[in-house]
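**Student:** start09.txt is reproduced below (compact mmCIF, C-alpha atoms).
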# COMPACT_ATOMS: atom_id res chain seq x y z
CA MET A 7 112.96 100.74 79.90
CA ALA A 8 114.58 97.60 81.20
CA GLU A 9 114.97 99.43 84.49
CA SER A 10 111.29 100.03 84.86
CA ALA A 11 110.57 96.35 84.19
CA LYS A 12 112.76 95.19 87.06
CA PRO A 13 110.85 96.55 90.06
CA THR A 14 107.60 95.39 88.49
CA ASP A 15 108.89 91.83 88.22
CA ARG A 16 110.08 92.00 91.77
CA SER A 17 106.75 93.40 92.94
CA VAL A 18 104.84 90.60 91.28
CA ARG A 19 107.12 88.04 92.87
CA LEU A 20 106.97 89.65 96.29
CA THR A 21 103.18 89.98 96.13
CA ALA A 22 102.88 86.25 95.39
CA LEU A 23 105.23 85.45 98.25
CA MET A 24 103.30 87.69 100.65
CA ALA A 25 100.06 85.84 99.90
CA ARG A 26 101.73 82.52 100.61
CA VAL A 27 103.32 83.82 103.78
CA ALA A 28 99.80 84.77 104.86
CA LEU A 29 98.92 81.07 104.55
CA GLY A 30 101.81 80.11 106.80
CA ASP A 31 104.12 78.97 104.02
CA GLN A 32 107.55 78.93 105.68
CA ASP A 33 109.45 78.52 102.47
CA ALA A 34 107.78 81.55 100.94
CA PHE A 35 108.74 83.46 104.08
CA ALA A 36 112.38 82.43 103.66
CA ARG A 37 112.30 83.59 100.06
CA LEU A 38 110.64 86.86 100.98
CA TYR A 39 113.48 87.44 103.42
CA GLN A 40 116.04 86.52 100.81
CA GLU A 41 114.61 88.97 98.30
CA SER A 42 113.95 91.94 100.53
CA SER A 43 116.26 91.82 103.53
CA ALA A 44 119.27 93.57 101.95
CA HIS A 45 117.18 96.52 100.84
CA LEU A 46 115.42 96.76 104.20
CA TYR A 47 118.64 96.35 106.16
CA GLY A 48 120.14 99.16 104.05
CA VAL A 49 117.23 101.41 105.03
CA ALA A 50 117.61 100.52 108.73
CA VAL A 51 121.38 101.08 108.74
CA ARG A 52 120.98 104.54 107.16
CA ILE A 53 118.55 105.66 109.78
CA LEU A 54 120.07 104.01 112.85
CA LYS A 55 123.76 104.15 111.85
CA ASP A 56 124.28 101.13 114.02
CA GLY A 57 124.56 97.61 112.64
CA ALA A 58 123.47 95.81 115.79
CA ALA A 59 120.39 98.00 116.21
CA ALA A 60 119.54 97.59 112.53
CA GLU A 61 119.76 93.81 112.90
CA GLU A 62 117.38 93.96 115.81
CA VAL A 63 114.90 96.09 113.86
CA LEU A 64 115.09 93.74 110.87
CA GLN A 65 114.43 90.78 113.13
CA GLU A 66 111.44 92.46 114.80
CA ALA A 67 110.09 93.56 111.44
CA PHE A 68 110.17 90.08 109.92
CA VAL A 69 108.62 88.47 113.00
CA ASN A 70 105.88 91.04 112.55
CA VAL A 71 105.56 90.28 108.84
CA TRP A 72 105.16 86.55 109.56
CA HIS A 73 102.25 87.27 111.89
CA HIS A 74 100.61 90.03 109.87
CA ALA A 75 101.28 89.21 106.23
CA GLY A 76 97.51 88.78 105.88
CA SER A 77 96.98 92.48 106.49
CA TYR A 78 99.00 93.40 103.42
CA GLU A 79 96.71 94.65 100.66
CA ALA A 80 98.22 94.39 97.23
CA ALA A 81 95.75 96.89 95.84
CA LYS A 82 96.95 99.64 98.17
CA SER A 83 100.72 99.48 98.05
CA GLN A 84 103.71 97.78 96.53
CA PRO A 85 104.98 94.97 98.76
CA MET A 86 108.41 96.58 99.17
CA THR A 87 106.77 99.86 100.17
CA TRP A 88 104.75 98.05 102.81
CA LEU A 89 107.81 96.27 104.14
CA ALA A 90 109.92 99.44 104.11
CA ALA A 91 107.20 101.30 106.02
CA ILE A 92 107.33 98.66 108.77
CA VAL A 93 111.12 98.87 108.98
CA ARG A 94 111.27 102.68 108.94
CA ASN A 95 108.61 102.91 111.60
CA ARG A 96 110.51 100.54 113.88
CA CYS A 97 113.74 102.42 113.29
CA LEU A 98 112.09 105.69 114.27
CA ASP A 99 110.59 104.12 117.37
CA GLN A 100 114.00 102.93 118.35
CA LEU A 101 115.67 106.31 117.71
CA ARG A 102 113.10 108.17 119.75
CA ARG A 103 113.26 105.58 122.52
CA ARG A 104 116.99 106.17 122.69
CA GLU A 105 116.31 109.87 123.16
CA LEU A 106 113.86 109.18 125.92
CA ASP A 107 116.47 107.14 127.74
CA THR A 108 118.66 109.72 129.34
CA VAL A 109 121.81 107.71 128.76
CA THR A 110 123.92 109.39 126.10
CA MET A 111 126.75 107.69 124.33
CA THR A 112 130.10 109.34 124.03
CA ALA A 113 131.56 109.88 120.60
CA ASP A 114 134.18 107.17 120.93
CA ASP A 115 131.79 104.63 122.36
CA ASP A 116 131.32 103.47 118.82
CA ASP A 117 129.35 100.31 118.27
CA GLY A 118 129.09 101.06 114.63
CA LYS A 119 132.77 100.72 113.77
CA GLU A 120 132.35 97.45 111.89
CA PHE A 121 129.81 99.33 110.05
CA ASP A 122 131.49 101.55 107.54
CA LEU A 123 129.10 102.99 105.04
CA PRO A 124 130.51 103.05 101.54
CA SER A 125 132.64 106.11 100.98
CA GLY A 126 131.52 108.65 98.44
CA ASP A 127 128.13 108.12 100.00
CA PRO A 128 125.41 110.14 98.32
CA THR A 129 123.94 112.95 100.37
CA PRO A 130 120.43 112.53 101.78
CA VAL A 131 119.03 114.83 99.10
CA GLU A 132 120.71 112.78 96.38
CA MET A 133 119.30 109.62 97.91
CA LEU A 134 115.85 111.13 98.11
CA LEU A 135 116.01 111.92 94.41
CA ALA A 136 117.54 108.57 93.53
CA GLY A 137 114.93 106.78 95.61
CA ALA A 138 112.13 108.50 93.82
CA ASP A 139 112.63 106.22 90.87
CA ALA A 140 109.15 106.42 89.49
CA GLN A 141 109.10 109.49 87.31
CA SER A 142 106.04 110.97 88.97
CA VAL A 143 107.59 110.66 92.42
CA ARG A 144 110.85 112.12 91.27
CA ALA A 145 109.11 115.11 89.76
CA CYS A 146 107.30 115.70 93.06
CA VAL A 147 110.54 115.62 95.06
CA ASP A 148 112.25 117.84 92.53
CA ALA A 149 109.52 120.45 92.82
CA LEU A 150 110.27 121.11 96.50
CA ASP A 151 112.27 124.18 97.62
CA ALA A 152 115.88 123.55 98.54
CA GLY A 153 115.24 123.98 102.29
CA GLN A 154 112.18 121.74 102.24
CA LYS A 155 114.03 119.11 100.25
CA GLN A 156 117.02 119.10 102.56
CA ALA A 157 115.01 119.02 105.77
CA ILE A 158 112.82 116.16 104.55
CA ALA A 159 115.78 114.21 103.20
CA LEU A 160 117.70 114.54 106.47
CA ALA A 161 114.69 113.48 108.49
CA PHE A 162 113.96 110.66 106.10
CA TYR A 163 117.41 109.15 105.77
CA GLN A 164 119.02 110.12 109.03
CA GLY A 165 116.05 110.05 111.34
CA LEU A 166 116.58 113.60 112.62
CA SER A 167 113.78 115.09 114.71
CA HIS A 168 112.58 118.70 114.34
CA ALA A 169 114.96 119.83 117.08
CA GLU A 170 117.91 117.95 115.60
CA LEU A 171 117.13 119.34 112.15
CA ALA A 172 117.15 122.89 113.52
CA ASP A 173 120.52 122.19 115.08
CA HIS A 174 121.96 120.57 112.00
CA LEU A 175 120.71 123.19 109.55
CA ARG A 176 121.41 126.10 111.97
CA GLN A 177 117.91 127.44 111.54
CA PRO A 178 115.25 128.41 114.09
CA LEU A 179 113.02 125.51 115.11
CA GLY A 180 109.94 127.25 113.69
CA THR A 181 111.56 127.66 110.28
CA VAL A 182 112.56 124.02 110.11
CA LYS A 183 109.12 122.86 111.23
CA SER A 184 107.46 124.88 108.52
CA TRP A 185 109.93 123.66 105.86
CA VAL A 186 109.05 120.10 106.79
CA ARG A 187 105.32 120.75 107.01
CA ARG A 188 105.05 122.74 103.78
CA GLY A 189 107.35 120.32 101.99
CA LEU A 190 105.27 117.34 103.06
CA GLU A 191 102.03 119.08 102.09
CA ARG A 192 103.39 119.79 98.63
CA LEU A 193 104.71 116.27 98.33
CA LYS A 194 101.35 114.87 99.34
CA SER A 195 99.25 116.85 96.90
CA CYS A 196 101.74 116.17 94.13
CA LEU A 197 101.93 112.41 94.85
CA ASP A 198 98.18 112.10 95.27
CA ARG A 199 97.63 113.96 92.02
CA ALA A 200 99.98 111.50 90.34
CA GLY A 201 97.84 108.72 91.81
CA TYR A 202 100.73 107.32 93.76
CA VAL A 203 98.81 106.34 96.86
CA ARG A 204 95.75 104.35 95.94
CA ASN A 205 92.91 104.39 98.42
CA MET B 26 97.68 117.68 120.44
CA ASN B 27 93.97 118.31 120.74
CA LEU B 28 92.41 116.50 117.83
CA SER B 29 88.83 117.33 118.68
CA ARG B 30 89.03 120.86 117.29
CA PRO B 31 87.21 121.75 114.07
CA ASP B 32 90.44 121.84 112.09
CA ARG B 33 91.00 118.23 113.02
CA PRO B 34 91.61 116.87 109.51
CA GLN B 35 94.44 119.34 108.89
CA ARG B 36 95.92 118.84 112.36
CA LEU B 37 95.70 115.10 112.06
CA ASP B 38 97.34 115.16 108.65
CA ALA B 39 100.19 117.34 109.94
CA LEU B 40 100.78 115.09 112.95
CA ALA B 41 100.54 111.90 110.92
CA SER B 42 103.02 113.23 108.36
CA ALA B 43 105.51 114.24 111.06
CA TYR B 44 105.02 110.86 112.70
CA ALA B 45 105.71 108.98 109.49
CA LEU B 46 108.67 111.17 108.60
CA GLY B 47 109.95 110.73 112.13
CA THR B 48 110.29 114.36 113.14
CA LEU B 49 107.81 114.30 116.03
CA SER B 50 109.36 114.59 119.47
CA PRO B 51 109.66 111.27 121.33
CA ARG B 52 106.77 112.04 123.65
CA ALA B 53 104.46 113.31 120.91
CA ARG B 54 105.33 110.17 118.95
CA LEU B 55 104.31 107.92 121.81
CA ARG B 56 101.09 109.87 122.36
CA LEU B 57 100.07 109.68 118.71
CA ALA B 58 100.90 105.96 118.56
CA GLY B 59 98.65 105.49 121.60
CA MET B 60 95.82 107.37 119.90
CA ALA B 61 96.24 105.32 116.73
CA LYS B 62 95.53 102.18 118.74
CA VAL B 63 92.04 103.36 119.69
CA ASP B 64 91.18 105.69 116.82
CA GLY B 65 90.94 104.20 113.35
CA ALA B 66 91.12 107.60 111.63
CA VAL B 67 94.45 108.37 113.31
CA ALA B 68 95.80 104.95 112.37
CA ALA B 69 94.66 105.39 108.75
CA ALA B 70 96.23 108.85 108.46
CA ILE B 71 99.55 107.49 109.74
CA ARG B 72 99.40 104.48 107.45
CA ASP B 73 98.75 106.64 104.39
CA TRP B 74 101.75 108.80 105.19
CA GLU B 75 103.97 105.83 105.88
CA MET B 76 103.12 104.39 102.48
CA ARG B 77 103.60 107.73 100.75
CA LEU B 78 107.04 108.20 102.29
CA ALA B 79 108.14 104.59 102.02
CA SER B 80 107.75 104.97 98.26
CA LEU B 81 110.86 107.16 98.49
CA CYS B 82 112.87 104.45 100.21
CA GLU B 83 114.64 103.00 97.21
CA GLY B 84 117.51 105.47 97.51
CA ALA B 85 119.33 103.58 100.26
CA ALA B 86 121.89 101.12 98.90
CA PRO B 87 121.13 97.50 99.84
CA ILE B 88 123.38 95.95 102.50
CA THR B 89 123.24 92.20 103.03
CA PRO B 90 122.50 91.49 106.70
CA PRO B 91 124.63 88.91 108.57
CA PRO B 92 123.22 85.36 108.43
CA ARG B 93 122.57 85.40 112.18
CA VAL B 94 119.57 87.70 111.61
CA TRP B 95 117.69 85.02 109.69
CA THR B 96 118.72 82.36 112.21
CA ALA B 97 117.33 84.52 115.01
CA ILE B 98 114.05 85.09 113.14
CA ALA B 99 113.62 81.38 112.35
CA THR B 100 114.38 80.46 115.96
CA ARG B 101 111.96 82.99 117.40
CA LEU B 102 109.15 81.85 115.12
CA GLY B 103 109.96 78.18 115.62
CA LEU B 104 110.21 77.64 111.89
CA GLY B 105 111.06 74.14 110.71
CA ALA B 106 114.73 73.20 110.63
CA ALA B 107 114.47 72.59 106.90
CA THR B 108 113.56 76.21 106.31
CA SER B 109 116.62 78.13 105.36
CA THR B 110 117.12 80.91 102.92
CA GLY B 111 119.36 78.54 100.99
CA THR B 112 116.86 75.79 100.22
CA ASN B 113 114.06 76.05 97.78
CA LEU B 114 112.30 72.97 99.06
CA PRO B 115 108.62 73.81 99.47
CA TRP B 116 107.13 73.01 102.85
CA TRP B 117 104.94 70.28 101.39
CA GLY B 118 108.10 68.59 100.11
CA ARG B 119 109.50 68.15 103.59
CA VAL B 120 109.72 64.94 105.55
CA THR B 121 107.60 66.12 108.48
CA PHE B 122 104.79 67.01 106.16
CA TRP B 123 104.80 63.69 104.37
CA ARG B 124 105.06 61.79 107.62
CA SER B 125 101.80 63.31 108.84
CA PHE B 126 100.26 62.90 105.43
CA ALA B 127 101.21 59.25 105.18
CA LEU B 128 99.34 58.43 108.39
CA THR B 129 96.07 59.72 107.07
CA SER B 130 96.40 58.72 103.47
CA PHE B 131 96.91 55.08 104.32
CA ALA B 132 93.49 54.82 105.93
CA LEU B 133 92.00 56.72 103.07
CA ALA B 134 93.59 54.56 100.39
CA MET B 135 92.07 51.56 102.12
CA ALA B 136 88.67 53.18 102.06
CA PHE B 137 88.95 54.03 98.39
CA GLY B 138 90.31 50.60 97.64
CA VAL B 139 86.90 49.31 98.56
CA THR B 140 84.99 51.58 96.22
CA LEU B 141 87.48 51.13 93.41
CA PHE B 142 86.84 47.45 93.09
CA THR B 143 83.19 47.27 93.93
CA PRO B 144 81.60 44.77 91.52
CA GLY B 145 79.54 46.41 88.83
CA THR B 146 81.76 49.45 88.37
CA ARG B 147 82.60 49.40 84.71
CA VAL B 148 84.93 52.35 84.42
CA PRO B 149 87.42 52.44 87.29
CA GLU B 150 86.84 55.52 89.43
CA GLN B 151 89.72 57.94 89.38
CA PRO B 152 89.51 59.91 92.57
CA ILE B 153 91.65 62.84 93.58
CA VAL B 154 91.91 63.38 97.30
CA ALA B 155 93.40 65.85 99.73
CA VAL B 156 93.35 65.20 103.45
CA LEU B 157 93.69 68.52 105.19
CA ALA B 158 95.17 68.57 108.66
CA GLY B 159 96.34 71.15 111.16
CA PRO B 160 99.69 71.21 112.94
CA ASP B 161 98.64 68.22 115.07
CA ALA B 162 98.42 66.13 111.86
CA LYS B 163 94.86 65.03 112.75
CA PRO B 164 92.65 65.04 109.65
CA ALA B 165 90.20 67.93 109.77
CA LEU B 166 88.70 67.88 106.29
CA ILE B 167 88.78 65.56 103.32
CA ALA B 168 88.40 67.01 99.85
CA THR B 169 87.60 64.61 97.03
CA MET B 170 87.04 64.97 93.32
CA MET B 171 86.50 62.51 90.55
CA ARG B 172 88.56 62.88 87.43
CA GLY B 173 86.35 64.22 84.66
CA GLU B 174 83.73 65.62 87.02
CA ARG B 175 83.45 69.25 87.99
CA THR B 176 82.59 68.96 91.63
CA LEU B 177 84.77 69.03 94.69
CA THR B 178 83.21 67.42 97.73
CA VAL B 179 84.51 68.35 101.12
CA LYS B 180 83.67 66.51 104.31
CA VAL B 181 84.46 67.94 107.71
CA VAL B 182 85.80 65.11 109.86
CA GLY B 183 87.52 66.85 112.74
CA ALA B 184 87.69 70.58 112.23
CA ALA B 185 87.58 72.86 115.26
CA ALA B 186 84.42 74.91 115.78
CA VAL B 187 84.30 78.05 113.64
CA PRO B 188 83.66 81.25 115.62
CA ALA B 189 80.53 83.29 114.83
CA GLY B 190 81.07 85.77 112.02
CA LYS B 191 83.83 83.66 110.45
CA SER B 192 83.95 81.26 107.53
CA LEU B 193 86.28 78.53 106.37
CA GLU B 194 87.69 79.22 102.93
CA LEU B 195 89.32 76.59 100.74
CA TRP B 196 92.41 77.56 98.71
CA MET B 197 94.53 76.03 96.02
CA LEU B 198 98.26 76.59 96.55
CA PRO B 199 99.63 76.66 92.99
CA LYS B 200 103.34 76.31 92.54
CA ASP B 201 105.03 79.74 92.49
CA LEU B 202 101.74 81.64 92.32
CA PRO B 203 99.52 83.21 94.97
CA PRO B 204 96.82 81.05 96.59
CA LYS B 205 93.57 80.88 94.63
CA SER B 206 90.22 80.56 96.32
CA LEU B 207 87.94 77.60 95.68
CA GLY B 208 85.27 79.21 97.80
CA VAL B 209 83.77 79.10 101.25
CA ILE B 210 83.03 75.69 102.69
CA PRO B 211 80.62 74.64 105.47
CA ASP B 212 81.78 74.31 109.09
CA SER B 213 80.48 70.78 109.40
CA GLY B 214 79.04 67.92 107.38
CA VAL B 215 79.49 67.71 103.64
CA GLY B 216 79.82 70.59 101.20
CA ARG B 217 80.17 70.81 97.47
CA VAL B 218 82.18 73.30 95.42
CA ALA B 219 81.61 73.64 91.69
CA LEU B 220 84.86 73.62 89.73
CA PRO B 221 85.29 75.84 86.67
CA ALA B 222 86.91 72.93 84.79
CA PRO B 223 87.75 69.26 85.43
CA PRO B 224 90.25 68.64 88.24
CA ASP B 225 93.06 67.77 85.84
CA VAL B 226 92.86 71.32 84.49
CA VAL B 227 92.08 73.17 87.70
CA LEU B 228 94.71 71.34 89.73
CA ALA B 229 97.34 71.04 87.01
CA ASN B 230 99.88 73.14 88.90
CA VAL B 231 98.46 72.67 92.40
CA PRO B 232 100.36 70.34 94.72
CA ALA B 233 98.36 71.26 97.83
CA LEU B 234 95.16 72.74 99.25
CA ALA B 235 94.72 74.86 102.35
CA VAL B 236 91.87 76.14 104.50
CA SER B 237 92.01 79.51 106.18
CA LEU B 238 89.73 81.26 108.64
CA GLU B 239 88.18 84.32 107.01
CA VAL B 240 85.42 86.82 107.72
CA ALA B 241 81.94 85.45 107.06
CA GLY B 242 81.47 84.90 103.33
CA GLY B 243 85.18 84.61 102.62
CA SER B 244 88.11 86.96 102.09
CA PRO B 245 86.88 90.15 100.41
CA THR B 246 90.22 90.74 98.65
CA GLY B 247 90.62 87.47 96.81
CA ALA B 248 93.80 86.79 98.76
CA PRO B 249 93.86 84.94 102.09
CA GLN B 250 93.55 87.35 105.01
CA GLY B 251 93.09 85.08 107.98
CA PRO B 252 95.25 82.38 109.54
CA VAL B 253 95.72 79.08 107.74
CA LEU B 254 94.18 76.24 109.72
CA TYR B 255 94.65 73.12 107.63
CA THR B 256 96.74 72.05 104.68
CA GLY B 257 97.01 68.87 102.66
CA ALA B 258 98.70 67.52 99.54
CA VAL B 259 96.68 66.66 96.44
CA GLU B 260 96.82 62.94 95.76
CA ARG B 261 95.68 61.35 92.51
CA PHE B 262 94.57 57.73 92.60
CA TYR B 263 95.40 57.05 88.99
Would you mind writing the file out in structure tokens?

**Tutor:**
Amino acid sequence: MAESAKPTDRSVRLTALMARVALGDQDAFARLYQESSAHLYGVAVRILKDGAAAEEVLQEAFVNVWHHAGSYEAAKSQPMTWLAAIVRNRCLDQLRRRELDTVTMTADDDDGKEFDLPSGDPTPVEMLLAGADAQSVRACVDALDAGQKQAIALAFYQGLSHAELADHLRQPLGTVKSWVRRGLERLKSCLDRAGYVRN
Amino acid sequence: MNLSRPDRPQRLDALASAYALGTLSPRARLRLAGMAKVDGAVAAAIRDWEMRLASLCEGAAPITPPPRVWTAIATRLGLGAATSTGTNLPWWGRVTFWRSFALTSFALAMAFGVTLFTPGTRVPEQPIVAVLAGPDAKPALIATMMRGERTLTVKVVGAAAVPAGKSLELWMLPKDLPPKSLGVIPDSGVGRVALPAPPDVVLANVPALAVSLEVAGGSPTGAPQGPVLYTGAVERFY
């Protein structure tokens, strides 16, 4: 029970900070950074697997937050969800931009060396389940088929595209696409039924 | 990616979900992002999916970013030198703020000095004043209240013209709580705002006021949406 109280406290605090950031309160902005940057940086590092790139995304995201804090609507999403969506979106943009650039890095051209992820790292599926801390969300993730769950978790935490997923899972592209699509559809109807996204 | 077909809602939902999850090919991603800029329905579908999926984000372990990230952000935004993640000094507690405030409050104290000691006033007036100024420290609005009365009077003395379809909204900035609206104020001249209680109660935890630019009639959400134009500390003359 104490666990469920924690995120609520944080949400209340972050919501108050967001409103002040919208009024140009620099100190509130510094505190917002203090409270959320480690979580958001963790998300960026997972997806990009590159500390320098994750730093850049975090920087861009917070510059964006400073200018657009006023567009955050507390009634529609938790503040951390809103912030995480900005960071994930920027990470994905960066990943896909890398793919568009034809330059490919060799395996030992490793910028991410300083960047060891903790060993005994949970798998993407484990993280997906762990992340779904609200009971309703967890139940929705749990209800997915194994293939759907794995494809979505890999895309979510490692930023794999359809083609990369097919490669990674050694499945035809069409199969992977339909796992993702069906999985997301099920997730959506389940989450919406649970009233998770308020519109 | 033809979204004009009759099965548009389903197609749009599928594309938006793949966009938010990140599985769209790079080119499809760029195309959809381009469409979202001009088509509100596309943007809304993407946003809904981003929120839905971001709710699963808690699974990644937090990693503290290097301090240089904050330094870079503060530099890019030109944030005050006093702003660091280590200090808890509110912006209205900083020297620069008080310097600009002192300039305007001196003139004002003189003005009130006159009314305070006007012969015939039996009970000394106990005014509460906030001079609101923009970044240039030039007074834009003066908000005054009298202790014990339930009216806030605001006089526009140098505010920039308000664009059509926009309103100025006055906010209290309570300590450690979100801003609270005092209502929409006129663009020029003198306006009055009824207070729900005497200023000592309403402003008990409010060190400063701010004015933001909102849609006509004020922010529909109860929280400030537009940019903040003017701020000023609450000063009690008693």

**Student:** Could you tell me, as a list in words, which residues have any atom at most 10 Å from (100.9, 91.6, 107.1), counting only C-alpha atoms?

**Tutor:**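 Protein and nucleic acid residues near the point are Met24, Ala25, Val27, Ala28, Phe68, Asn70, Val71, Trp72, His73, His74, Ala75, Gly76, Ser77, Tyr78, Glu79, Pro85, Trp88, Leu89 and Ile92 of chain A; Gln250 of chain B.
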
**Student:** For chain B, which residue among A:Gln100, A:Ser167, A:Ser17, A:Ser42 is the nearest when counting all atoms listed in the file?

**Tutor:** A:Ser167

**Student:** Write out as a ChimeraX atom specification which residues come within 9 Å of region 184-196 of chain B when counting only C-alpha atoms, dropping same-chain ones fewer than 5 positions away.

**Tutor:** /B:158-159,164-166,204-213,233-244,249,254-255

**Student:** Just give me the gap between CA of Arg144 (chain A) and CA of Val18 (chain A) in Å, one decimal is fine.

**Tutor:**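 Computing the Euclidean distance for CA of Arg144 (chain A) and CA of Val18 (chain A) yields 22.3 Å.
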
**Student:** Which one of A:Val51, A:Leu20, A:Ala145, A:Leu193 sits closest to Phe35 (chain A) if you count only C-alpha atoms?

**Tutor:**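 Comparing A:Val51, A:Leu20, A:Ala145, A:Leu193 against Phe35 (chain A), the winner is A:Leu20.
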
**Student:** Which polymer residues have any atom within 9 Å of an atom of Lys155 (chain A), counting all atoms listed in the file, with same-chain residues fewer than 5 positions away left out, as a list in words?

**Tutor:**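 That gives Val131, Leu134, Val147, Asp148, Ala149, Leu150, Leu160, Trp185, Val186 and Gly189 of chain A.
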
**Student:** Which residues are near Arg188 (chain A)? Cut-off 10 Å, all atoms listed in the file, ignore same chain within fewer than 3 positions. Put them as JSON, numbers by chain.

**Tutor:** {"A": [150, 151, 154, 182, 183, 184, 185, 191, 192, 193, 194], "B": [39]}

**Student:** List every protein, DNA or RNA residue that has at least one atom no more than 12 Å from (110.2, 82.1, 114.3) in the file's coordinates, counting only C-alpha atoms, and write the result as a PyMOL selection string.

**Tutor:** (chain A and resi 30+32+35-36+65-73) or (chain B and resi 94-106+108-109)

**Student:** Restrict the selected residues to C-alpha atoms and save them as an mmCIF file, in the frame of the given file.

**Tutor:**
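File written: again15.cif
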data_model
loop_
_atom_site.group_PDB
_atom_site.id
_atom_site.type_symbol
_atom_site.label_atom_id
_atom_site.label_comp_id
_atom_site.auth_asym_id
_atom_site.auth_seq_id
_atom_site.Cartn_x
_atom_site.Cartn_y
_atom_site.Cartn_z
ATOM 1 C CA GLY A 30 101.810 80.110 106.800
ATOM 2 C CA GLN A 32 107.550 78.930 105.680
ATOM 3 C CA PHE A 35 108.740 83.460 104.080
ATOM 4 C CA ALA A 36 112.380 82.430 103.660
ATOM 5 C CA GLN A 65 114.430 90.780 113.130
ATOM 6 C CA GLU A 66 111.440 92.460 114.800
ATOM 7 C CA ALA A 67 110.090 93.560 111.440
ATOM 8 C CA PHE A 68 110.170 90.080 109.920
ATOM 9 C CA VAL A 69 108.620 88.470 113.000
ATOM 10 C CA ASN A 70 105.880 91.040 112.550
ATOM 11 C CA VAL A 71 105.560 90.280 108.840
ATOM 12 C CA TRP A 72 105.160 86.550 109.560
ATOM 13 C CA HIS A 73 102.250 87.270 111.890
ATOM 14 C CA VAL B 94 119.570 87.700 111.610
ATOM 15 C CA TRP B 95 117.690 85.020 109.690
ATOM 16 C CA THR B 96 118.720 82.360 112.210
ATOM 17 C CA ALA B 97 117.330 84.520 115.010
ATOM 18 C CA ILE B 98 114.050 85.090 113.140
ATOM 19 C CA ALA B 99 113.620 81.380 112.350
ATOM 20 C CA THR B 100 114.380 80.460 115.960
ATOM 21 C CA ARG B 101 111.960 82.990 117.400
ATOM 22 C CA LEU B 102 109.150 81.850 115.120
ATOM 23 C CA GLY B 103 109.960 78.180 115.620
ATOM 24 C CA LEU B 104 110.210 77.640 111.890
ATOM 25 C CA GLY B 105 111.060 74.140 110.710
ATOM 26 C CA ALA B 106 114.730 73.200 110.630
ATOM 27 C CA THR B 108 113.560 76.210 106.310
ATOM 28 C CA SER B 109 116.620 78.130 105.360
#

**Student:** Separation of CA of Arg172 (chain B) and CA of Gln151 (chain B), in Å?

**Tutor:**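 CA of Arg172 (chain B) sits 5.4 Å away from CA of Gln151 (chain B).
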